[in-house]
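As provided, upload-v7.cif (mmCIF, C-alpha atoms) reads as follows.
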```
data_final
loop_
_atom_site.label_atom_id
_atom_site.label_comp_id
_atom_site.auth_asym_id
_atom_site.auth_seq_id
_atom_site.Cartn_x
_atom_site.Cartn_y
_atom_site.Cartn_z
CA MET A 1 93.54 34.45 129.96
CA ASP A 2 94.40 38.13 130.31
CA LYS A 3 91.59 40.00 128.58
CA ASN A 4 93.95 42.90 127.79
CA THR A 5 96.20 40.67 125.68
CA ILE A 6 96.06 40.96 121.91
CA TYR A 7 95.60 37.62 120.15
CA GLN A 8 96.47 36.48 116.63
CA LYS A 9 95.60 33.45 114.54
CA SER A 10 98.09 30.58 114.72
CA ALA A 11 99.15 28.54 111.70
CA LYS A 12 96.30 26.17 112.56
CA GLY A 13 93.86 29.11 112.69
CA LEU A 14 95.06 30.42 109.33
CA GLU A 15 94.69 26.95 107.85
CA GLU A 16 91.12 26.78 109.14
CA MET A 17 90.44 30.19 107.60
CA SER A 18 91.74 29.17 104.19
CA SER A 19 90.43 25.63 103.88
CA ARG A 20 88.12 24.79 106.80
CA THR A 21 90.36 21.81 107.55
CA TYR A 22 89.16 21.45 111.14
CA LYS A 23 85.48 22.19 110.44
CA LEU A 24 84.97 24.54 113.38
CA PRO A 25 81.36 25.17 114.40
CA ALA A 26 79.98 28.35 112.80
CA ARG A 27 79.99 30.51 115.94
CA GLU A 28 83.51 29.47 116.93
CA ARG A 29 84.71 30.15 113.37
CA SER A 30 83.03 33.56 113.44
CA VAL A 31 84.97 34.44 116.60
CA LEU A 32 88.16 33.17 114.92
CA ILE A 33 87.50 35.54 112.00
CA MET A 34 87.27 38.46 114.45
CA VAL A 35 90.74 37.77 115.88
CA ASP A 36 92.80 40.29 113.93
CA GLY A 37 96.11 40.73 115.77
CA LYS A 38 95.04 44.26 116.76
CA SER A 39 92.11 43.82 119.15
CA THR A 40 92.41 42.68 122.76
CA ALA A 41 90.67 39.53 123.93
CA GLN A 42 88.04 41.68 125.65
CA GLU A 43 87.38 43.67 122.47
CA VAL A 44 86.88 40.50 120.43
CA ILE A 45 84.60 39.01 123.11
CA ASP A 46 82.57 42.23 123.23
CA LYS A 47 82.18 42.24 119.42
CA ALA A 48 81.10 38.58 119.46
CA LYS A 49 78.55 38.75 122.29
CA HIS A 50 75.66 38.27 119.87
CA PHE A 51 76.96 34.72 119.17
CA GLY A 52 76.08 33.60 122.69
CA ASP A 53 78.86 32.71 125.13
CA ALA A 54 81.61 34.53 123.23
CA GLU A 55 84.12 34.10 126.05
CA HIS A 56 83.61 30.32 125.94
CA PHE A 57 84.24 30.29 122.16
CA PHE A 58 87.34 32.47 122.59
CA LEU A 59 88.76 30.19 125.29
CA ALA A 60 88.05 27.14 123.13
CA LEU A 61 90.02 28.71 120.26
CA ILE A 62 92.98 29.21 122.61
CA LYS A 63 92.73 25.68 124.04
CA GLU A 64 92.47 24.10 120.57
CA GLY A 65 95.46 26.09 119.26
CA PHE A 66 93.66 28.26 116.71
CA ILE A 67 94.80 31.52 118.33
CA GLY A 68 97.55 32.65 120.67
CA PRO A 69 98.93 35.84 122.18
CA LEU A 70 100.50 38.27 119.74
CA VAL A 71 104.25 37.80 119.81
CA ALA A 72 106.37 40.81 118.90
CA PRO A 73 109.07 40.13 116.30
CA ALA A 74 112.58 39.62 117.70
CA VAL A 75 114.02 42.38 115.52
CA PRO A 76 111.76 45.37 114.96
CA ALA A 77 111.22 46.18 111.33
CA PRO A 78 112.05 49.72 110.19
CA ALA A 79 109.03 51.98 110.08
CA ALA A 80 107.67 52.37 106.59
CA PRO A 81 105.23 55.03 105.51
CA ALA A 82 101.67 53.78 105.41
CA PRO A 83 100.52 53.01 101.88
CA ALA A 84 97.89 55.33 100.51
CA ALA A 85 94.42 53.87 100.22
CA PRO A 86 93.80 52.69 96.66
CA ALA A 87 91.37 54.65 94.57
CA PRO A 88 88.09 52.86 93.87
CA THR A 89 88.95 52.62 90.18
CA GLN A 90 92.57 51.58 90.66
CA ALA A 91 94.33 50.31 87.55
CA PRO A 92 95.53 46.69 87.50
CA ILE A 93 98.98 45.96 88.85
CA PRO A 94 101.42 46.37 85.96
CA ALA A 95 103.51 43.40 84.88
CA PRO A 96 107.03 43.52 86.31
CA SER A 97 110.11 43.90 84.16
CA GLU A 98 111.86 40.98 85.94
CA LYS A 99 110.27 37.55 86.22
CA SER A 100 111.67 35.11 88.76
CA LEU A 101 110.59 32.90 91.62
CA ALA A 102 112.23 35.36 94.05
CA THR A 103 110.32 38.32 92.58
CA ALA A 104 107.01 36.42 92.77
CA LYS A 105 107.65 35.36 96.38
CA GLU A 106 108.54 38.92 97.35
CA PHE A 107 105.36 40.28 95.75
CA ALA A 108 103.15 37.63 97.39
CA SER A 109 104.69 38.20 100.84
CA HIS A 110 104.36 41.98 100.63
CA TYR A 111 100.80 41.77 99.33
CA LEU A 112 99.71 39.45 102.15
CA THR A 113 101.26 41.75 104.75
CA LYS A 114 99.59 44.79 103.16
CA VAL A 115 96.13 43.22 103.10
CA ILE A 116 96.14 41.00 106.20
CA GLY A 117 98.66 42.72 108.47
CA PRO A 118 100.46 40.92 111.31
CA ASP A 119 98.31 37.80 110.91
CA ALA A 120 100.12 37.18 107.61
CA ASP A 121 103.50 36.50 109.26
CA LEU A 122 103.18 32.71 109.22
CA MET A 123 101.94 32.73 105.64
CA THR A 124 104.83 34.90 104.45
CA VAL A 125 107.34 32.57 106.11
CA GLN A 126 105.84 29.65 104.19
CA ILE A 127 105.88 31.61 100.93
CA GLU A 128 109.49 32.65 101.40
CA GLY A 129 110.39 29.00 102.00
CA CYS A 130 109.08 27.86 98.60
CA LYS A 131 111.77 26.22 96.50
CA THR A 132 109.78 25.75 93.29
CA THR A 133 107.20 27.59 91.23
CA ALA A 134 104.73 24.74 91.84
CA GLU A 135 105.05 25.13 95.63
CA LEU A 136 104.43 28.87 95.37
CA VAL A 137 101.43 28.46 93.06
CA GLN A 138 99.91 25.96 95.50
CA LEU A 139 100.31 28.35 98.46
CA VAL A 140 98.96 31.32 96.50
CA GLU A 141 95.85 29.29 95.65
CA LYS A 142 95.49 28.36 99.32
CA TYR A 143 95.96 31.94 100.61
CA ARG A 144 93.84 33.58 97.92
CA GLU A 145 90.70 32.66 99.87
CA ILE A 146 92.05 34.36 103.00
CA VAL A 147 92.86 37.49 101.00
CA ARG A 148 89.33 37.39 99.59
CA SER A 149 87.74 37.05 103.03
CA VAL A 150 89.79 39.93 104.43
CA GLY A 151 90.22 42.26 101.46
CA GLY A 152 87.54 41.32 98.95
CA ALA A 153 87.43 39.68 95.54
CA ARG A 154 89.39 42.44 93.78
CA ARG A 155 92.35 42.10 96.13
CA ALA A 156 92.26 38.31 95.88
CA GLU A 157 92.49 38.64 92.09
CA GLU A 158 95.32 41.18 92.37
CA PHE A 159 97.19 38.82 94.71
CA SER A 160 96.85 35.87 92.33
CA ALA A 161 97.46 37.76 89.10
CA GLY A 162 100.31 39.84 90.51
CA THR A 163 102.14 36.77 91.74
CA ALA A 164 101.55 34.86 88.49
CA ALA A 165 102.77 37.83 86.42
CA ARG A 166 106.13 37.66 88.21
CA LEU A 167 106.70 33.95 87.69
CA PRO A 168 109.12 32.88 84.96
#
```
Could you rewrite the structure in this file as structure tokens?
Amino acid sequence: MDKNTIYQKSAKGLEEMSSRTYKLPARERSVLIMVDGKSTAQEVIDKAKHFGDAEHFFLALIKEGFIGPLVAPAVPAPAAPAPAAPAPTQAPIPAPSEKSLATAKEFASHYLTKVIGPDADLMTVQIEGCKTTAELVQLVEKYREIVRSVGGARRAEEFSAGTAARLP
């Protein structure tokens, strides 16, 4: 393992974050939470030193497939201006004028990317692949918990309500 490499959660890691499917031990899960797609392996290990053998936990996450090196996208996305930080008393997201599965998927994908960042890539691919409203609703329920753990209860509610408001 190159300690200067930036790591991200894999699909398996994101699944563990949302539903605790693999029942990782608490310290290993805590290290998994710290993997953000922005910090190097060494930075994560340094932040997690109070858990004990942080490097051992980090290596176990790699070996078990919960995290992997950050992979740059094949086609770079055009640079977009950074969104302004929301005001503490931000108004609820207004209902859209158009309601469709495509509009709801687009909202959910953009919201995940805004809140979670590069770690949301695998989730957005799954959302964009939804063929029915029921599939989308199921994924939104699954990913709501991740949004809550990363962005707080208010953002989790915005994610859920904003997606639902766009469904036909």
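The nearest approach to Arg148 (chain A) among the residues A:Ile6, A:Ala164, A:Met1, A:Val115, with all atoms listed in the file taken into account, belongs to A:Val115.
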Residues within 12 Å of Arg20 (chain A), please, as a PDB file with C-alpha atoms, in the frame of the given file. Count all atoms listed in the file; anything in the same chain fewer than 2 positions from it doesn't count.
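Final file, around_0.pdb:
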```pdb
ATOM      1  CA  LYS A  12      96.300  26.170 112.560  1.00  0.00           C
ATOM      2  CA  GLY A  13      93.860  29.110 112.690  1.00  0.00           C
ATOM      3  CA  LEU A  14      95.060  30.420 109.330  1.00  0.00           C
ATOM      4  CA  GLU A  15      94.690  26.950 107.850  1.00  0.00           C
ATOM      5  CA  GLU A  16      91.120  26.780 109.140  1.00  0.00           C
ATOM      6  CA  MET A  17      90.440  30.190 107.600  1.00  0.00           C
ATOM      7  CA  SER A  18      91.740  29.170 104.190  1.00  0.00           C
ATOM      8  CA  TYR A  22      89.160  21.450 111.140  1.00  0.00           C
ATOM      9  CA  LYS A  23      85.480  22.190 110.440  1.00  0.00           C
ATOM     10  CA  LEU A  24      84.970  24.540 113.380  1.00  0.00           C
ATOM     11  CA  PRO A  25      81.360  25.170 114.400  1.00  0.00           C
ATOM     12  CA  ALA A  26      79.980  28.350 112.800  1.00  0.00           C
ATOM     13  CA  ARG A  29      84.710  30.150 113.370  1.00  0.00           C
ATOM     14  CA  LEU A  32      88.160  33.170 114.920  1.00  0.00           C
ATOM     15  CA  ILE A  33      87.500  35.540 112.000  1.00  0.00           C
ATOM     16  CA  PHE A  66      93.660  28.260 116.710  1.00  0.00           C
ATOM     17  CA  LYS A 142      95.490  28.360  99.320  1.00  0.00           C
ATOM     18  CA  GLU A 145      90.700  32.660  99.870  1.00  0.00           C
ATOM     19  CA  ILE A 146      92.050  34.360 103.000  1.00  0.00           C
TER      20      ILE A 146
END
```
### Query
What is the distance, in Å and to one decimal place, between CA of Val147 (chain A) and CA of Thr163 (chain A)?
13.1 Å
### Query
How many Å lie between CA of Ala48 (chain A) and CA of Arg154 (chain A), rounded to one decimal?
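Computing it gives 27.3 Å between the two atoms.
Distances to Val125 (chain A) were evaluated for A:Asn4, A:Lys38, A:Val137, A:Ala11 using all atoms listed in the file, and the minimum falls at A:Ala11.
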### Task
For Asp121 (chain A), please output as a list in words all residues within 9 Å (counting only C-alpha atoms; exclusion window: fewer than 5 positions along the same chain).
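The residues satisfying every condition are Ser109, Leu112, Thr113 and Gln126 of chain A.
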### Task
Please identify all polymer residues within 10 Å of Arg144 (chain A), counting only C-alpha atoms, omitting same-chain residues fewer than 4 positions from it, and present them as a ChimeraX atom specification.
/A:18,112,139-140,148-150,153,155-160
Those residues you just picked out, can you put them in a file as a PDB file, in the coordinates of the input with C-alpha atoms?
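The resulting out-v3.pdb:
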```
ATOM      1  CA  SER A  18      91.740  29.170 104.190  1.00  0.00           C
ATOM      2  CA  LEU A 112      99.710  39.450 102.150  1.00  0.00           C
ATOM      3  CA  LEU A 139     100.310  28.350  98.460  1.00  0.00           C
ATOM      4  CA  VAL A 140      98.960  31.320  96.500  1.00  0.00           C
ATOM      5  CA  ARG A 148      89.330  37.390  99.590  1.00  0.00           C
ATOM      6  CA  SER A 149      87.740  37.050 103.030  1.00  0.00           C
ATOM      7  CA  VAL A 150      89.790  39.930 104.430  1.00  0.00           C
ATOM      8  CA  ALA A 153      87.430  39.680  95.540  1.00  0.00           C
ATOM      9  CA  ARG A 155      92.350  42.100  96.130  1.00  0.00           C
ATOM     10  CA  ALA A 156      92.260  38.310  95.880  1.00  0.00           C
ATOM     11  CA  GLU A 157      92.490  38.640  92.090  1.00  0.00           C
ATOM     12  CA  GLU A 158      95.320  41.180  92.370  1.00  0.00           C
ATOM     13  CA  PHE A 159      97.190  38.820  94.710  1.00  0.00           C
ATOM     14  CA  SER A 160      96.850  35.870  92.330  1.00  0.00           C
TER      15      SER A 160
END
```
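Distance check against Glu106 (chain A) using all atoms listed in the file: of A:Phe57, A:Thr133, A:Gly52, A:Arg166, the minimum falls on A:Arg166.
In terms of minimum interatomic distance to Ala165 (chain A), A:Ala104 ranks closest within A:Ala104, A:Ala120, A:Ile127, A:Ala54, counting all atoms listed in the file.
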Using only C-alpha atoms, can you list as a PDB file with C-alpha atoms, in the frame of the given file the residues within 8 Å of (112.4, 36.1, 83.7)?
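Writing the result to selection14.pdb gives the following:
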```pdb
ATOM      1  CA  GLU A  98     111.860  40.980  85.940  1.00  0.00           C
ATOM      2  CA  LYS A  99     110.270  37.550  86.220  1.00  0.00           C
ATOM      3  CA  SER A 100     111.670  35.110  88.760  1.00  0.00           C
ATOM      4  CA  ARG A 166     106.130  37.660  88.210  1.00  0.00           C
ATOM      5  CA  LEU A 167     106.700  33.950  87.690  1.00  0.00           C
ATOM      6  CA  PRO A 168     109.120  32.880  84.960  1.00  0.00           C
TER       7      PRO A 168
END
```
### Query
What is the CA of Val35 (chain A) to CA of Glu128 (chain A) distance in Å?
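These atoms are spaced 24.2 Å apart.
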### Query
Smallest atom-to-atom distance to Leu136 (chain A): which of A:Lys105, A:Glu28, A:Asp119, A:His110, using only C-alpha atoms?
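Once distances to Leu136 (chain A) are computed over only C-alpha atoms, the minimum belongs to A:Lys105.
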Care to translate the PyMOL selection byres ((chain A and resi 44) around 9) into actual residues of this file, as a tab-separated table (two decimals) with C-alpha atoms, in the coordinates of the input?
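After the write, result.tsv holds the following:
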```
chain	number	residue	atom	x	y	z
A	31	VAL	CA	84.97	34.44	116.60
A	34	MET	CA	87.27	38.46	114.45
A	35	VAL	CA	90.74	37.77	115.88
A	36	ASP	CA	92.80	40.29	113.93
A	39	SER	CA	92.11	43.82	119.15
A	40	THR	CA	92.41	42.68	122.76
A	41	ALA	CA	90.67	39.53	123.93
A	42	GLN	CA	88.04	41.68	125.65
A	43	GLU	CA	87.38	43.67	122.47
A	45	ILE	CA	84.60	39.01	123.11
A	46	ASP	CA	82.57	42.23	123.23
A	47	LYS	CA	82.18	42.24	119.42
A	48	ALA	CA	81.10	38.58	119.46
A	49	LYS	CA	78.55	38.75	122.29
A	54	ALA	CA	81.61	34.53	123.23
A	55	GLU	CA	84.12	34.10	126.05
A	58	PHE	CA	87.34	32.47	122.59
```
